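File shown: start.cif (mmCIF, C-alpha atoms).
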```
data_query
loop_
_atom_site.label_atom_id
_atom_site.label_comp_id
_atom_site.auth_asym_id
_atom_site.auth_seq_id
_atom_site.Cartn_x
_atom_site.Cartn_y
_atom_site.Cartn_z
CA MET K 1 6.45 -12.04 17.75
CA LYS K 2 5.70 -15.64 16.73
CA ILE K 3 2.69 -14.54 14.68
CA LEU K 4 4.88 -12.19 12.61
CA THR K 5 7.52 -14.86 12.04
CA PHE K 6 4.78 -17.25 10.92
CA LEU K 7 3.23 -14.69 8.55
CA TYR K 8 6.64 -13.88 7.10
CA LYS K 9 7.25 -17.40 5.86
CA ARG K 10 7.71 -17.47 2.11
CA GLU K 11 4.81 -19.85 1.63
CA ILE K 12 2.45 -17.50 3.44
CA MET K 13 3.72 -14.32 1.81
CA TYR K 14 3.67 -15.79 -1.70
CA THR K 15 0.11 -16.98 -1.10
CA VAL K 16 -0.95 -13.51 0.03
CA GLN K 17 0.74 -11.89 -2.97
CA PHE K 18 -0.93 -14.37 -5.33
CA ILE K 19 -4.34 -13.56 -3.84
CA LEU K 20 -3.64 -9.84 -4.30
CA LEU K 21 -2.52 -10.50 -7.88
CA ILE K 22 -5.84 -12.22 -8.61
CA LEU K 23 -7.69 -9.33 -6.92
CA GLY K 24 -5.88 -6.81 -9.11
CA ILE K 25 -6.67 -8.76 -12.29
CA MET K 26 -10.32 -9.10 -11.24
CA LEU K 27 -10.59 -5.32 -10.80
CA TYR K 28 -8.97 -4.80 -14.20
CA MET K 29 -11.36 -7.14 -15.95
CA GLY K 30 -14.49 -6.37 -13.96
CA LEU K 31 -14.18 -2.61 -13.58
CA CYS K 32 -17.33 -1.94 -15.59
CA ARG K 33 -19.13 -5.01 -14.19
CA PHE K 34 -18.61 -4.46 -10.47
CA SER K 35 -20.86 -1.88 -8.86
CA ARG K 36 -19.23 0.92 -6.92
CA ARG K 37 -20.70 -0.55 -3.75
CA ASN K 38 -19.05 -3.93 -4.39
CA ILE K 39 -15.71 -2.23 -5.07
CA SER K 40 -16.15 -0.22 -1.88
CA ILE K 41 -16.72 -3.45 0.06
CA ILE K 42 -13.64 -5.10 -1.48
CA LEU K 43 -11.36 -2.14 -0.74
CA SER K 44 -12.82 -1.69 2.75
CA LEU K 45 -12.05 -5.33 3.52
CA TYR K 46 -8.54 -4.92 2.15
CA CYS K 47 -7.80 -1.81 4.24
CA GLY K 48 -9.63 -3.13 7.28
CA ILE K 49 -7.81 -6.47 7.35
CA ILE K 50 -4.37 -4.90 6.93
CA PHE K 51 -4.63 -1.76 9.06
CA GLY K 52 -7.01 -3.32 11.58
CA SER K 53 -4.84 -6.37 12.24
CA LEU K 54 -1.78 -4.11 12.42
CA LEU K 55 -3.51 -1.93 15.01
CA GLY K 56 -4.48 -5.04 16.95
CA PHE K 57 -0.90 -6.26 16.87
CA VAL K 58 0.49 -2.92 18.04
CA LEU K 59 -2.03 -2.78 20.90
CA SER K 60 -1.67 -6.33 22.18
CA GLY K 61 0.24 -8.66 19.88
CA LYS K 62 -2.49 -11.30 20.32
CA ILE K 63 -4.04 -13.02 17.32
CA VAL K 64 -7.58 -12.65 18.71
CA ILE K 65 -7.19 -8.86 19.00
CA MET K 66 -5.68 -8.73 15.50
CA ILE K 67 -8.71 -10.54 14.06
CA LEU K 68 -11.08 -8.31 16.02
CA GLY K 69 -9.24 -5.23 14.79
CA ALA K 70 -9.52 -6.45 11.20
CA VAL K 71 -13.28 -6.95 11.51
CA VAL K 72 -13.94 -3.64 13.26
CA CYS K 73 -11.76 -1.61 10.88
CA SER K 74 -13.33 -3.23 7.80
CA ILE K 75 -16.77 -2.18 9.00
CA PHE K 76 -15.51 1.28 9.93
CA PHE K 77 -13.89 1.88 6.53
CA TYR K 78 -17.04 0.81 4.68
CA ILE K 79 -19.38 2.93 6.82
CA PHE K 80 -17.06 5.94 6.61
CA ASP K 81 -16.84 5.55 2.83
CA ARG K 82 -20.63 5.67 2.51
CA ILE K 83 -20.93 8.86 4.55
CA PHE K 84 -19.82 11.01 1.61
CA ASN K 85 -22.55 9.82 -0.77
CA ASN K 86 -19.79 9.21 -3.31
CA GLU K 87 -19.41 5.48 -2.90
CA GLY K 88 -15.92 4.07 -3.26
CA MET K 89 -14.18 7.40 -3.75
CA PHE K 90 -12.89 7.77 -0.19
CA ILE K 91 -11.63 4.23 0.28
CA SER K 92 -10.02 3.98 -3.17
CA SER K 93 -8.38 7.39 -2.78
CA PHE K 94 -7.19 6.57 0.72
CA ILE K 95 -5.24 3.44 -0.16
CA CYS K 96 -3.88 4.86 -3.43
CA ILE K 97 -2.68 8.12 -1.86
CA PHE K 98 -1.22 6.20 1.07
CA ASP K 99 0.74 3.88 -1.25
CA THR K 100 1.86 6.71 -3.51
CA PHE K 101 2.99 9.06 -0.75
CA TYR K 102 4.88 6.34 1.08
CA LEU K 103 6.83 5.25 -2.00
CA LEU K 104 7.44 8.83 -3.07
CA ALA K 105 8.71 9.92 0.36
CA MET K 106 10.95 6.88 0.84
CA GLY K 107 12.24 7.18 -2.71
CA ILE K 108 13.18 10.82 -2.22
CA LEU K 109 14.91 10.04 1.08
CA TYR K 110 16.96 7.25 -0.48
CA GLU K 111 17.89 9.42 -3.45
CA TYR K 112 18.96 12.24 -1.13
CA ILE K 113 21.07 9.97 1.06
CA TYR K 114 22.81 8.11 -1.74
CA LEU K 115 23.13 10.85 -4.35
CA VAL K 116 23.60 14.05 -2.34
CA ILE K 117 25.46 12.98 0.81
CA PRO K 118 29.03 11.73 0.24
CA HIS K 119 29.70 8.12 1.23
CA ASN K 120 32.12 9.07 4.01
CA LYS K 121 29.56 11.36 5.66
CA ARG K 122 26.56 9.01 5.69
CA GLU K 123 27.33 7.56 9.10
CA ASP K 124 27.55 11.06 10.57
CA PHE K 125 24.22 11.89 8.94
CA ALA K 126 22.67 8.73 10.42
CA ASP K 127 24.01 9.56 13.88
CA SER K 128 22.81 13.17 13.71
CA TYR K 129 19.46 12.67 11.97
CA PHE K 130 18.27 9.18 11.02
CA ASP K 131 19.43 5.90 9.53
CA ILE K 132 17.64 5.38 6.23
CA ASN K 133 18.05 1.60 6.55
CA SER K 134 16.31 1.42 9.92
CA TYR K 135 12.61 0.68 10.19
CA GLU K 136 12.09 3.63 12.53
CA ILE K 137 12.16 6.15 9.67
CA ARG K 138 9.84 3.95 7.64
CA TYR K 139 7.36 3.94 10.51
CA VAL K 140 7.41 7.73 10.66
CA VAL K 141 6.74 7.94 6.91
CA PHE K 142 4.06 5.24 7.30
CA VAL K 143 2.13 7.28 9.89
CA LEU K 144 2.54 10.50 7.88
CA ALA K 145 1.25 8.71 4.79
CA ILE K 146 -1.88 7.59 6.67
CA GLY K 147 -2.56 11.14 7.89
CA ILE K 148 -2.08 12.72 4.46
CA ALA K 149 -4.14 10.00 2.79
CA VAL K 150 -7.06 10.56 5.17
CA VAL K 151 -7.13 14.33 4.58
CA ILE K 152 -6.77 14.22 0.78
CA SER K 153 -9.18 11.31 0.32
CA ILE K 154 -11.85 13.12 2.37
CA LEU K 155 -11.45 16.20 0.16
CA LEU K 156 -11.69 14.06 -2.99
CA ALA K 157 -14.75 12.24 -1.67
CA ILE K 158 -16.46 15.57 -0.96
CA LYS K 159 -15.42 17.56 -4.03
CA VAL K 160 -14.85 15.10 -6.89
CA LYS K 161 -17.90 13.42 -8.41
CA LYS K 162 -16.44 12.32 -11.75
CA ILE K 163 -16.66 8.57 -12.24
CA ASN K 164 -13.45 8.58 -14.30
CA VAL K 165 -11.46 9.68 -11.24
CA PHE K 166 -12.89 6.75 -9.31
CA TYR K 167 -11.97 4.39 -12.14
CA PHE K 168 -8.41 5.73 -12.18
CA MET K 169 -8.04 5.17 -8.43
CA VAL K 170 -9.33 1.60 -8.70
CA ILE K 171 -6.95 0.83 -11.57
CA LEU K 172 -4.07 2.40 -9.62
CA PHE K 173 -4.91 0.19 -6.65
CA ALA K 174 -5.07 -2.88 -8.89
CA THR K 175 -1.73 -2.01 -10.51
CA PHE K 176 -0.02 -1.77 -7.14
CA ARG K 177 -1.30 -5.27 -6.31
CA VAL K 178 -0.39 -6.81 -9.68
CA CYS K 179 3.12 -5.35 -9.78
CA GLY K 180 3.69 -6.23 -6.15
CA MET K 181 3.85 -9.89 -7.17
CA PHE K 182 6.85 -9.30 -9.41
CA PHE K 183 8.96 -6.56 -7.81
CA GLY K 184 11.10 -6.37 -4.69
CA SER K 185 9.89 -7.75 -1.36
CA SER K 186 12.49 -8.60 1.24
CA TYR K 187 10.83 -11.90 2.19
CA ALA K 188 11.80 -13.26 -1.23
CA ILE K 189 15.32 -11.84 -1.34
CA TYR K 190 16.51 -11.49 2.26
CA PRO K 191 14.12 -13.51 4.46
CA TYR K 192 14.41 -13.20 8.24
CA GLU K 193 14.40 -16.32 10.41
CA LYS K 194 12.72 -14.37 13.18
CA VAL K 195 10.68 -11.21 12.70
CA LYS K 196 10.87 -8.80 15.63
CA THR K 197 8.81 -5.92 14.26
CA TRP K 198 5.76 -5.50 12.05
CA GLY K 199 7.52 -3.58 9.28
CA PRO K 200 8.80 -6.47 7.12
CA VAL K 201 5.45 -8.26 7.17
CA TYR K 202 3.03 -5.40 6.60
CA LEU K 203 5.17 -3.38 4.20
CA SER K 204 5.57 -6.51 2.09
CA ILE K 205 1.83 -7.22 2.13
CA LEU K 206 1.21 -3.59 1.14
CA THR K 207 3.80 -4.02 -1.64
CA LEU K 208 5.81 -1.09 -0.25
CA ASP K 209 9.09 -2.76 0.74
CA TYR K 210 11.30 -1.61 -2.15
CA SER K 211 13.88 0.67 -0.53
CA TYR K 212 16.31 1.90 -3.19
CA PHE K 213 13.90 1.28 -6.06
CA SER K 214 10.87 3.10 -4.64
CA LEU K 215 10.84 5.92 -7.21
CA LEU K 216 11.44 3.53 -10.11
CA PHE K 217 8.69 1.26 -8.90
CA LEU K 218 6.31 4.19 -8.49
CA ALA K 219 7.12 5.42 -12.01
CA ILE K 220 6.34 1.96 -13.41
CA ILE K 221 3.07 1.87 -11.47
CA VAL K 222 1.92 5.26 -12.78
CA PHE K 223 2.93 4.40 -16.35
CA LEU K 224 1.08 1.07 -16.36
CA THR K 225 -1.94 2.60 -14.61
CA THR K 226 -2.23 5.29 -17.29
CA ILE K 227 -2.08 2.73 -20.09
CA VAL K 228 -4.63 0.37 -18.51
CA TYR K 229 -6.88 3.32 -17.61
CA LYS K 230 -7.02 4.56 -21.21
CA VAL K 231 -7.65 1.07 -22.59
CA ARG K 232 -10.35 0.21 -20.05
CA LEU K 233 -12.01 3.60 -20.42
CA LYS K 234 -12.44 3.04 -24.15
CA ASN K 235 -14.07 -0.34 -23.51
CA ILE K 236 -16.33 1.07 -20.80
CA HIS K 237 -17.66 3.92 -22.96
CA ARG K 238 -18.28 1.82 -26.07
#
```
In structure tokens, how does this file's structure come out?
Amino acid sequence: MKILTFLYKREIMYTVQFILLILGIMLYMGLCRFSRRNISIILSLYCGIIFGSLLGFVLSGKIVIMILGAVVCSIFFYIFDRIFNNEGMFISSFICIFDTFYLLAMGILYEYIYLVIPHNKREDFADSYFDINSYEIRYVVFVLAIGIAVVISILLAIKVKKINVFYFMVILFATFRVCGMFFGSSYAIYPYEKVKTWGPVYLSILTLDYSYFSLLFLAIIVFLTTIVYKVRLKNIHR
């Protein structure tokens, strides 16, 4: 677990978040300048590095396998995206739907636990069903989010050919990255001296570690995405 503890250092995590912030701003500003192929490459690298290294860690925990997983998954995502002859639509939809579903599901679970179940019955609920504060439930939602994202993004890549939908997905992706620099993240508020599981590291990198504020954060993301989308669309079609 030394690699996770190293990655979870504030200096590393802040650097990663800053890079993602710059990436988000670049996509905002260069939406009409970047080709769909270039955007597909950028998003494929993003998904490949994160999900590929995570897969490598789960399989072996060795840094070499994590790097290999990142390379292989980046290539896989890019090739798979091109299969649909709708470049960029699959990969942009995949990461956006994944992010959105995860935050929505976790937000609903937190709201249910803390608004519906009385305080004195929460421990019984945790013993009988699940503990909302444990990473186990987050991992279940994480896997479900990947499955749902794959299915929906394939359907979108096959059925939807409108360029405006692609633009919206790219802006939504960029907004997640930009806002991730300024909201939440346990490494900034409650850092762990030793990280024993991949959740804190990868959920923070994915800007998904918001717990109680998941629904609020998602609402802010959608609101800002809509505003930026309308402004950028006007500039693109001038």
Inset, instruction - Decode the PyMOL selection byres ((chain K and resi 59-76) around 9) for the given file into explicit residues and return them as a list in words. - result: Met1, Ile3, Ile41, Leu43, Ser44, Leu45, Tyr46, Cys47, Gly48, Ile49, Ile50, Phe51, Gly52, Ser53, Leu54, Leu55, Gly56, Phe57, Val58, Phe77, Tyr78, Ile79, Phe80 and Asp81 of chain K
Inset, instruction - Up to 12 Å from (-5.4, 9.5, 5.2) in the file's coordinates: name the residues, counting all atoms listed in the file, as a ChimeraX atom specification. - result: /K:47,51,77,90-102,142-157
Inset, instruction - Would you write out, as a PyMOL selection string, every residue that the PyMOL selection byres ((chain K and resi 220-234) around 10) captures in this file? - result: chain K and resi 28-32+100+164+167-180+214-219+235-238
With C-alpha atoms retained, could you export that selection as a tab-separated table (two decimals), in the frame of the given file?
```tsv
chain	number	residue	atom	x	y	z
K	28	TYR	CA	-8.97	-4.80	-14.20
K	29	MET	CA	-11.36	-7.14	-15.95
K	30	GLY	CA	-14.49	-6.37	-13.96
K	31	LEU	CA	-14.18	-2.61	-13.58
K	32	CYS	CA	-17.33	-1.94	-15.59
K	100	THR	CA	1.86	6.71	-3.51
K	164	ASN	CA	-13.45	8.58	-14.30
K	167	TYR	CA	-11.97	4.39	-12.14
K	168	PHE	CA	-8.41	5.73	-12.18
K	169	MET	CA	-8.04	5.17	-8.43
K	170	VAL	CA	-9.33	1.60	-8.70
K	171	ILE	CA	-6.95	0.83	-11.57
K	172	LEU	CA	-4.07	2.40	-9.62
K	173	PHE	CA	-4.91	0.19	-6.65
K	174	ALA	CA	-5.07	-2.88	-8.89
K	175	THR	CA	-1.73	-2.01	-10.51
K	176	PHE	CA	-0.02	-1.77	-7.14
K	177	ARG	CA	-1.30	-5.27	-6.31
K	178	VAL	CA	-0.39	-6.81	-9.68
K	179	CYS	CA	3.12	-5.35	-9.78
K	180	GLY	CA	3.69	-6.23	-6.15
K	214	SER	CA	10.87	3.10	-4.64
K	215	LEU	CA	10.84	5.92	-7.21
K	216	LEU	CA	11.44	3.53	-10.11
K	217	PHE	CA	8.69	1.26	-8.90
K	218	LEU	CA	6.31	4.19	-8.49
K	219	ALA	CA	7.12	5.42	-12.01
K	235	ASN	CA	-14.07	-0.34	-23.51
K	236	ILE	CA	-16.33	1.07	-20.80
K	237	HIS	CA	-17.66	3.92	-22.96
K	238	ARG	CA	-18.28	1.82	-26.07
```
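The space between CA of Leu27 in chain K and CA of Lys159 in chain K spans 24.3 Å.
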Legend entry - Contacts of Val160 in chain K within 9 Å, only C-alpha atoms, excl. fewer than 5 positions in-chain, as a list of chain:residue names: K:Asn86, K:Met89, K:Leu155, K:Val165, K:Phe166
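Of the listed residues K:Ile205, K:Ile39, K:Val140, K:Ile12, the one whose atoms come nearest to Gly88 in chain K is K:Ile39, with distances taken using only C-alpha atoms.
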Legend entry - Atomic separation - CA of Met181 in chain K relative to CA of Phe6 in chain K, Å: 19.6 Å
Inset, instruction - To one decimal in Å, tell me the separation between CA of Phe213 in chain K and CA of Met106 in chain K. - result: 9.4 Å
Legend entry - Given all atoms listed in the file as the counted atoms, nearest of K:Phe182, K:Phe34, K:Tyr135, K:Tyr110 to Tyr202 in chain K: K:Tyr135
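Using all atoms listed in the file, the nearest neighbour of Lys9 in chain K within the list K:Leu109, K:Met26, K:Leu208, K:Val195 is K:Val195.
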